[in-house]
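File shown: target.cif (mmCIF, C-alpha atoms and all ligand atoms).
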```
data_input
loop_
_atom_site.group_PDB
_atom_site.id
_atom_site.type_symbol
_atom_site.label_atom_id
_atom_site.label_comp_id
_atom_site.auth_asym_id
_atom_site.auth_seq_id
_atom_site.Cartn_x
_atom_site.Cartn_y
_atom_site.Cartn_z
ATOM 1 C CA MET H 1 0.000 0.000 0.000
ATOM 2 C CA THR H 2 1.291 3.459 -0.866
ATOM 3 C CA ALA H 3 1.088 5.981 1.980
ATOM 4 C CA ARG H 4 -0.676 9.228 1.143
ATOM 5 C CA LEU H 5 1.299 12.319 2.186
ATOM 6 C CA VAL H 6 0.058 15.886 2.512
ATOM 7 C CA VAL H 7 3.038 18.240 2.795
ATOM 8 C CA LEU H 8 2.693 21.668 4.448
ATOM 9 C CA VAL H 9 5.093 24.414 3.325
ATOM 10 C CA SER H 10 5.847 28.132 3.691
ATOM 11 C CA GLY H 11 9.027 28.758 1.720
ATOM 12 C CA SER H 12 11.474 27.433 -0.804
ATOM 13 C CA GLY H 13 10.268 23.858 -0.490
ATOM 14 C CA THR H 14 13.576 22.011 -0.875
ATOM 15 C CA ASN H 15 12.366 19.428 1.652
ATOM 16 C CA LEU H 16 9.159 19.072 -0.350
ATOM 17 C CA GLN H 17 11.220 18.615 -3.525
ATOM 18 C CA ALA H 18 13.281 15.867 -1.896
ATOM 19 C CA LEU H 19 10.054 14.032 -1.021
ATOM 20 C CA LEU H 20 8.609 14.564 -4.511
ATOM 21 C CA ASP H 21 11.797 13.142 -6.038
ATOM 22 C CA ALA H 22 11.787 10.136 -3.686
ATOM 23 C CA CYS H 23 8.110 9.436 -4.408
ATOM 24 C CA ALA H 24 8.851 9.140 -8.130
ATOM 25 C CA ASP H 25 10.130 5.626 -7.301
ATOM 26 C CA PRO H 26 7.127 3.342 -6.628
ATOM 27 C CA ALA H 27 9.287 1.281 -4.261
ATOM 28 C CA TYR H 28 9.578 4.301 -1.965
ATOM 29 C CA GLY H 29 6.113 3.507 -0.616
ATOM 30 C CA ALA H 30 4.613 6.990 -0.453
ATOM 31 C CA GLN H 31 3.001 9.553 -2.707
ATOM 32 C CA VAL H 32 2.538 13.304 -2.188
ATOM 33 C CA VAL H 33 -1.208 13.729 -2.759
ATOM 34 C CA ALA H 34 -1.356 17.461 -1.937
ATOM 35 C CA VAL H 35 0.722 20.439 -0.844
ATOM 36 C CA GLY H 36 -0.720 23.011 1.539
ATOM 37 C CA ALA H 37 0.697 26.468 2.228
ATOM 38 C CA ASP H 38 -0.020 29.370 4.573
ATOM 39 C CA ARG H 39 0.968 31.953 1.939
ATOM 40 C CA ASP H 40 0.982 32.560 -1.837
ATOM 41 C CA GLY H 41 3.875 33.259 -4.128
ATOM 42 C CA ILE H 42 6.363 30.776 -2.716
ATOM 43 C CA LEU H 43 8.693 28.510 -4.625
ATOM 44 C CA ALA H 44 7.287 25.460 -2.835
ATOM 45 C CA LEU H 45 3.916 25.973 -4.595
ATOM 46 C CA GLU H 46 5.673 26.154 -7.960
ATOM 47 C CA ARG H 47 7.391 22.879 -7.171
ATOM 48 C CA ALA H 48 4.007 21.266 -6.471
ATOM 49 C CA GLU H 49 2.614 22.578 -9.732
ATOM 50 C CA GLN H 50 5.622 21.383 -11.712
ATOM 51 C CA SER H 51 5.102 17.908 -10.275
ATOM 52 C CA GLY H 52 1.387 17.944 -11.054
ATOM 53 C CA VAL H 53 0.466 17.750 -7.370
ATOM 54 C CA PRO H 54 -2.658 19.671 -6.258
ATOM 55 C CA SER H 55 -2.054 22.500 -3.823
ATOM 56 C CA PHE H 56 -4.039 24.849 -1.624
ATOM 57 C CA VAL H 57 -3.333 28.049 0.311
ATOM 58 C CA THR H 58 -4.970 28.719 3.686
ATOM 59 C CA ARG H 59 -3.905 32.142 5.025
ATOM 60 C CA VAL H 60 -4.389 33.188 8.641
ATOM 61 C CA LYS H 61 -5.413 36.700 7.551
ATOM 62 C CA ASP H 62 -8.442 35.344 5.682
ATOM 63 C CA PHE H 63 -9.983 34.156 8.958
ATOM 64 C CA THR H 64 -11.312 35.985 11.986
ATOM 65 C CA ASP H 65 -8.993 34.106 14.315
ATOM 66 C CA ARG H 66 -6.389 31.357 14.542
ATOM 67 C CA GLU H 67 -8.927 28.759 15.641
ATOM 68 C CA ARG H 68 -11.000 29.220 12.475
ATOM 69 C CA TRP H 69 -7.858 29.090 10.363
ATOM 70 C CA ASP H 70 -6.757 25.899 12.097
ATOM 71 C CA GLU H 71 -10.141 24.261 11.452
ATOM 72 C CA ALA H 72 -10.116 25.348 7.814
ATOM 73 C CA LEU H 73 -6.606 23.989 7.343
ATOM 74 C CA ALA H 74 -7.656 20.676 8.891
ATOM 75 C CA ASP H 75 -10.662 20.509 6.520
ATOM 76 C CA LYS H 76 -8.451 21.153 3.487
ATOM 77 C CA VAL H 77 -5.963 18.497 4.548
ATOM 78 C CA ALA H 78 -8.726 15.991 5.390
ATOM 79 C CA ALA H 79 -10.114 16.231 1.863
ATOM 80 C CA PHE H 80 -6.949 14.504 0.626
ATOM 81 C CA GLU H 81 -7.239 11.645 3.164
ATOM 82 C CA PRO H 82 -3.587 11.570 4.186
ATOM 83 C CA ASP H 83 -1.937 8.735 6.086
ATOM 84 C CA LEU H 84 0.805 11.151 7.120
ATOM 85 C CA VAL H 85 0.968 14.967 7.234
ATOM 86 C CA VAL H 86 4.487 16.328 6.776
ATOM 87 C CA SER H 87 5.174 19.854 7.960
ATOM 88 C CA ALA H 88 8.295 20.737 5.968
ATOM 89 C CA GLY H 89 9.317 24.321 6.596
ATOM 90 C CA PHE H 90 5.722 25.253 7.496
ATOM 91 C CA MET H 91 6.056 28.392 9.616
ATOM 92 C CA LYS H 92 2.868 28.102 11.640
ATOM 93 C CA LEU H 93 1.964 26.186 14.778
ATOM 94 C CA LEU H 94 -0.761 23.634 14.210
ATOM 95 C CA GLY H 95 -3.594 24.108 16.688
ATOM 96 C CA PRO H 96 -5.947 21.892 18.716
ATOM 97 C CA ALA H 97 -8.517 21.346 15.952
ATOM 98 C CA PHE H 98 -5.834 20.211 13.544
ATOM 99 C CA LEU H 99 -4.144 17.949 16.082
ATOM 100 C CA ALA H 100 -7.476 16.440 17.159
ATOM 101 C CA ARG H 101 -7.763 15.064 13.640
ATOM 102 C CA PHE H 102 -4.165 14.500 12.631
ATOM 103 C CA GLY H 103 -2.261 14.190 15.910
ATOM 104 C CA GLY H 104 0.026 11.157 16.021
ATOM 105 C CA ARG H 105 0.441 11.201 12.242
ATOM 106 C CA THR H 106 1.723 14.740 11.680
ATOM 107 C CA ILE H 107 5.490 15.134 11.646
ATOM 108 C CA ASN H 108 7.680 18.212 11.469
ATOM 109 C CA THR H 109 11.311 18.806 10.648
ATOM 110 C CA HIS H 110 13.306 21.226 12.786
ATOM 111 C CA PRO H 111 16.825 22.510 12.008
ATOM 112 C CA ALA H 112 18.383 21.797 15.423
ATOM 113 C CA LEU H 113 18.997 18.837 17.716
ATOM 114 C CA SER H 114 15.994 18.822 20.058
ATOM 115 C CA PRO H 115 15.564 19.580 22.861
ATOM 116 C CA SER H 116 18.158 22.301 22.136
ATOM 117 C CA PHE H 117 17.168 25.454 20.279
ATOM 118 C CA PRO H 118 13.421 25.152 19.628
ATOM 119 C CA GLY H 119 11.608 27.840 17.637
ATOM 120 C CA ILE H 120 12.140 29.603 14.361
ATOM 121 C CA SER H 121 15.820 30.510 14.741
ATOM 122 C CA GLY H 122 17.428 27.139 15.503
ATOM 123 C CA PRO H 123 20.561 27.629 13.355
ATOM 124 C CA ALA H 124 21.142 31.199 14.617
ATOM 125 C CA ASP H 125 20.636 30.136 18.242
ATOM 126 C CA ALA H 126 23.069 27.212 17.888
ATOM 127 C CA LEU H 127 25.681 29.522 16.352
ATOM 128 C CA GLU H 128 25.154 32.137 19.038
ATOM 129 C CA TYR H 129 25.496 29.539 21.798
ATOM 130 C CA GLY H 130 28.744 28.284 20.294
ATOM 131 C CA VAL H 131 27.891 24.579 20.071
ATOM 132 C CA LYS H 132 30.270 22.510 17.937
ATOM 133 C CA VAL H 133 27.576 20.062 16.844
ATOM 134 C CA THR H 134 23.989 20.835 15.890
ATOM 135 C CA GLY H 135 21.693 19.116 13.416
ATOM 136 C CA CYS H 136 18.102 18.352 12.610
ATOM 137 C CA THR H 137 15.188 16.582 14.258
ATOM 138 C CA LEU H 138 12.083 14.940 12.863
ATOM 139 C CA PHE H 139 9.315 14.699 15.439
ATOM 140 C CA VAL H 140 5.632 13.914 15.876
ATOM 141 C CA VAL H 141 3.890 17.261 16.264
ATOM 142 C CA ASP H 142 2.253 17.974 19.608
ATOM 143 C CA GLU H 143 0.847 21.226 21.018
ATOM 144 C CA GLY H 144 4.289 22.569 21.998
ATOM 145 C CA VAL H 145 6.982 24.317 19.975
ATOM 146 C CA ASP H 146 9.278 21.583 18.595
ATOM 147 C CA THR H 147 8.597 19.412 21.654
ATOM 148 C CA GLY H 148 7.014 16.290 20.138
ATOM 149 C CA ALA H 149 8.281 12.709 20.322
ATOM 150 C CA ILE H 150 11.431 12.312 18.254
ATOM 151 C CA VAL H 151 11.403 10.061 15.183
ATOM 152 C CA ALA H 152 14.905 10.765 13.837
ATOM 153 C CA GLN H 153 17.883 13.060 14.338
ATOM 154 C CA THR H 154 21.069 13.751 12.386
ATOM 155 C CA ALA H 155 24.110 15.559 13.773
ATOM 156 C CA VAL H 156 25.818 18.296 11.728
ATOM 157 C CA PRO H 157 29.136 19.951 12.648
ATOM 158 C CA VAL H 158 29.382 23.699 13.206
ATOM 159 C CA GLU H 159 32.486 25.066 11.441
ATOM 160 C CA PRO H 160 34.511 27.964 12.881
ATOM 161 C CA ASP H 161 33.648 30.476 10.154
ATOM 162 C CA ASP H 162 29.997 29.575 9.730
ATOM 163 C CA THR H 163 27.403 32.245 9.147
ATOM 164 C CA VAL H 164 23.764 31.484 9.946
ATOM 165 C CA ASP H 165 23.019 30.912 6.262
ATOM 166 C CA VAL H 166 26.006 28.647 5.664
ATOM 167 C CA LEU H 167 25.195 26.590 8.747
ATOM 168 C CA HIS H 168 21.495 26.386 7.874
ATOM 169 C CA GLU H 169 22.294 25.211 4.340
ATOM 170 C CA ARG H 170 24.569 22.471 5.739
ATOM 171 C CA ILE H 171 21.788 21.423 8.122
ATOM 172 C CA LYS H 172 19.251 21.400 5.293
ATOM 173 C CA VAL H 173 21.318 18.882 3.316
ATOM 174 C CA ALA H 174 21.145 16.532 6.312
ATOM 175 C CA GLU H 175 17.504 17.427 6.925
ATOM 176 C CA ARG H 176 16.402 16.422 3.431
ATOM 177 C CA ALA H 177 18.172 13.053 3.682
ATOM 178 C CA MET H 178 16.709 12.446 7.156
ATOM 179 C CA LEU H 179 13.223 13.351 5.953
ATOM 180 C CA VAL H 180 13.351 11.134 2.865
ATOM 181 C CA ASP H 181 14.797 8.151 4.753
ATOM 182 C CA THR H 182 12.414 8.446 7.673
ATOM 183 C CA VAL H 183 9.191 9.166 5.789
ATOM 184 C CA GLY H 184 10.008 6.172 3.555
ATOM 185 C CA ARG H 185 10.429 3.905 6.565
ATOM 186 C CA MET H 186 7.298 5.229 8.273
ATOM 187 C CA SER H 187 5.351 4.630 5.055
ATOM 188 C CA ARG H 188 6.680 1.149 4.323
ATOM 189 C CA GLU H 189 7.005 -0.236 7.849
ATOM 190 C CA GLY H 190 4.471 1.769 9.823
ATOM 191 C CA PHE H 191 5.343 3.212 13.218
ATOM 192 C CA THR H 192 4.123 3.380 16.779
ATOM 193 C CA VAL H 193 4.244 6.269 19.241
ATOM 194 C CA ASP H 194 4.402 5.175 22.885
ATOM 195 C CA GLY H 195 4.797 8.248 25.074
ATOM 196 C CA ARG H 196 8.056 9.787 23.867
ATOM 197 C CA ARG H 197 9.243 6.588 22.174
ATOM 198 C CA VAL H 198 8.711 6.282 18.442
ATOM 199 C CA ARG H 199 9.438 2.922 16.817
ATOM 200 C CA PHE H 200 9.232 1.726 13.246
ATOM 201 C CA GLY H 201 7.001 -1.260 12.566
ATOM 202 C CA GLY H 202 3.258 -1.788 12.839
HETATM 203 C C1 LIG E 301 14.052 23.894 7.003
HETATM 204 O O1 LIG E 301 15.348 24.020 7.547
HETATM 205 C C2 LIG E 301 13.028 23.714 8.073
HETATM 206 O O2 LIG E 301 13.413 22.861 9.097
HETATM 207 C C3 LIG E 301 12.915 25.132 8.551
HETATM 208 O O3 LIG E 301 12.874 25.888 7.379
HETATM 209 C C4 LIG E 301 13.590 25.205 6.375
HETATM 210 C C5 LIG E 301 12.646 24.980 5.219
HETATM 211 O O4 LIG E 301 13.333 24.783 4.039
HETATM 212 N N1 LIG E 301 11.813 25.316 9.436
HETATM 213 P P1 LIG E 301 12.601 24.408 2.665
HETATM 214 O O5 LIG E 301 11.430 25.345 2.492
HETATM 215 O O6 LIG E 301 12.163 22.972 2.748
HETATM 216 O O7 LIG E 301 13.638 24.620 1.606
#
```

Once you've parsed the file, please lay out its structure as structure tokens.
Amino acid sequence: MTARLVVLVSGSGTNLQALLDACADPAYGAQVVAVGADRDGILALERAEQSGVPSFVTRVKDFTDRERWDEALADKVAAFEPDLVVSAGFMKLLGPAFLARFGGRTINTHPALSPSFPGISGPADALEYGVKVTGCTLFVVDEGVDTGAIVAQTAVPVEPDDTVDVLHERIKVAERAMLVDTVGRMSREGFTVDGRRVRFGG
């Protein structure tokens, strides 16, 4: 059975592209059935179009409040009947309505080694702190900020002359590989979440 993925994006979509490329091989075990965004005019939406994958945009500013937006986003995603929702550079927190429907099968990639440096500036915070090793984390989304149960992590060295952009780009190379490997395994083998322990296999 091929797992149905809905991928949520806000930016350049290089993680999305890595998944689209992996899904071109039927043996990968997953298919991107839709791409959802919180804004227009982003490269990630062009990537979806170029791959012939349907997309939708659900903007916070089109709703009276975050709760309504969260419900609308959940409705849009539900229409594509995903097995797994992949937040890949999606710059919004998913709320209670969304997690009530997709909790336990929504994963997010974060450019730091959790529990260090949660939030939107993981690479900058790691550089500022002076760590010699940082990396990326794939986790099952919960109501916190980058706090969910960890599915996979990859370490990435911090080099002496790194800028935030250089470090983030190095992390993103590892992040794409981690995402493709892990989503493939989750799709082919299934997974279980037991408290903070995530295991592959049904
Ligand atoms: C990734 O590093 C992701 O973890 C972070 O933003 C970046 C998104 O990159 N939140 P892209 O849009 O997939 O190229």

Can I get the residues of chain H within 6 Å of ligand LIG 301 (chain E), each with the closest pair of atoms and their distance in Å to one decimal, using all atoms listed in the file, sorted chain first then ascending number, as a Markdown table?
```
| residue | atom | partner | partner_atom | distance |
| --- | --- | --- | --- | --- |
| H:Gly11 | CA | E:LIG301 | O5 | 4.2 |
| H:Ser12 | CA | E:LIG301 | O5 | 3.9 |
| H:Gly13 | CA | E:LIG301 | O5 | 3.5 |
| H:Thr14 | CA | E:LIG301 | O7 | 3.6 |
| H:Asn15 | CA | E:LIG301 | O6 | 3.7 |
| H:Leu16 | CA | E:LIG301 | O6 | 5.8 |
| H:Ala88 | CA | E:LIG301 | O6 | 5.5 |
| H:Gly89 | CA | E:LIG301 | C5 | 3.7 |
| H:Thr109 | CA | E:LIG301 | O2 | 4.8 |
| H:His110 | CA | E:LIG301 | O2 | 4.0 |
| H:Pro111 | CA | E:LIG301 | O2 | 4.5 |
| H:Lys172 | CA | E:LIG301 | O1 | 5.2 |
```

Expand the PyMOL selection byres (((chain H and resi 149-166) around 8) and not hetatm) into the explicit residue set it covers here, and present it as a ChimeraX atom specification. /H:113,123-124,127,131-141,147-148,167-171,174-175,178,182,193,195-199

List as a compact mmCIF listing (two decimals) with C-alpha atoms, in the frame of the given file the protein and nucleic acid residues near Val33 in chain H, meaning an atom at most 9 Å away when all atoms listed in the file are counted, but skip any in the same chain fewer than 5 places from it.
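This is the output file around_28.txt:
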```txt
# COMPACT_ATOMS: atom_id res chain seq x y z
CA ARG H 4 -0.68 9.23 1.14
CA LEU H 5 1.30 12.32 2.19
CA VAL H 6 0.06 15.89 2.51
CA VAL H 7 3.04 18.24 2.80
CA VAL H 53 0.47 17.75 -7.37
CA PRO H 54 -2.66 19.67 -6.26
CA SER H 55 -2.05 22.50 -3.82
CA PHE H 80 -6.95 14.50 0.63
CA GLU H 81 -7.24 11.64 3.16
CA PRO H 82 -3.59 11.57 4.19
```

Would you please work out which residue, of H:Arg176, H:Lys92, H:Arg188, H:Arg66, is nearest to Gly144 in chain H when using only C-alpha atoms? H:Lys92

Result set, the PyMOL selection byres (((chain H and resi 49) around 12) and not hetatm) on current file, as a list in words: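 Checked against the file, the PyMOL selection byres (((chain H and resi 49) around 12) and not hetatm) matches Leu16, Gln17, Leu20, Val32, Val33, Ala34, Val35, Gly36, Ile42, Leu43, Ala44, Leu45, Glu46, Arg47, Ala48, Gln50, Ser51, Gly52, Val53, Pro54, Ser55 and Phe56 of chain H.
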
Given only C-alpha atoms as the counted atoms, nearest of H:Gly184, H:Val77, H:Trp69, H:Gly190 to Asp25 in chain H: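 So, comparing all the options, the nearest one is H:Gly184.
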
Assuming 6 Å of padding per side, give the centre and edge lengths of the axis-aligned box around every listed atom of range 155-165 of chain H, in Å to one decimal and as AutoDock Vina command-line options.
```
--center_x 28.8 --center_y 23.9 --center_z 10.0 --size_x 23.5 --size_y 28.7 --size_z 19.5
```

Find the distance between CA of Leu84 in chain H and CA of Gly104 in chain H and write it in Å to one decimal.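 Distance reported for this atom pair: 8.9 Å.
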
Which residues, named as in the file, does the PyMOL selection byres (((chain H and resi 98) around 10) and not hetatm) pick out? Answer as number ranges by chain. H: 67, 69-75, 77-78, 93-97, 99-103, 106

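For the pair CA of Lys76 in chain H and CA of Val180 in chain H, the separation is 24.0 Å.
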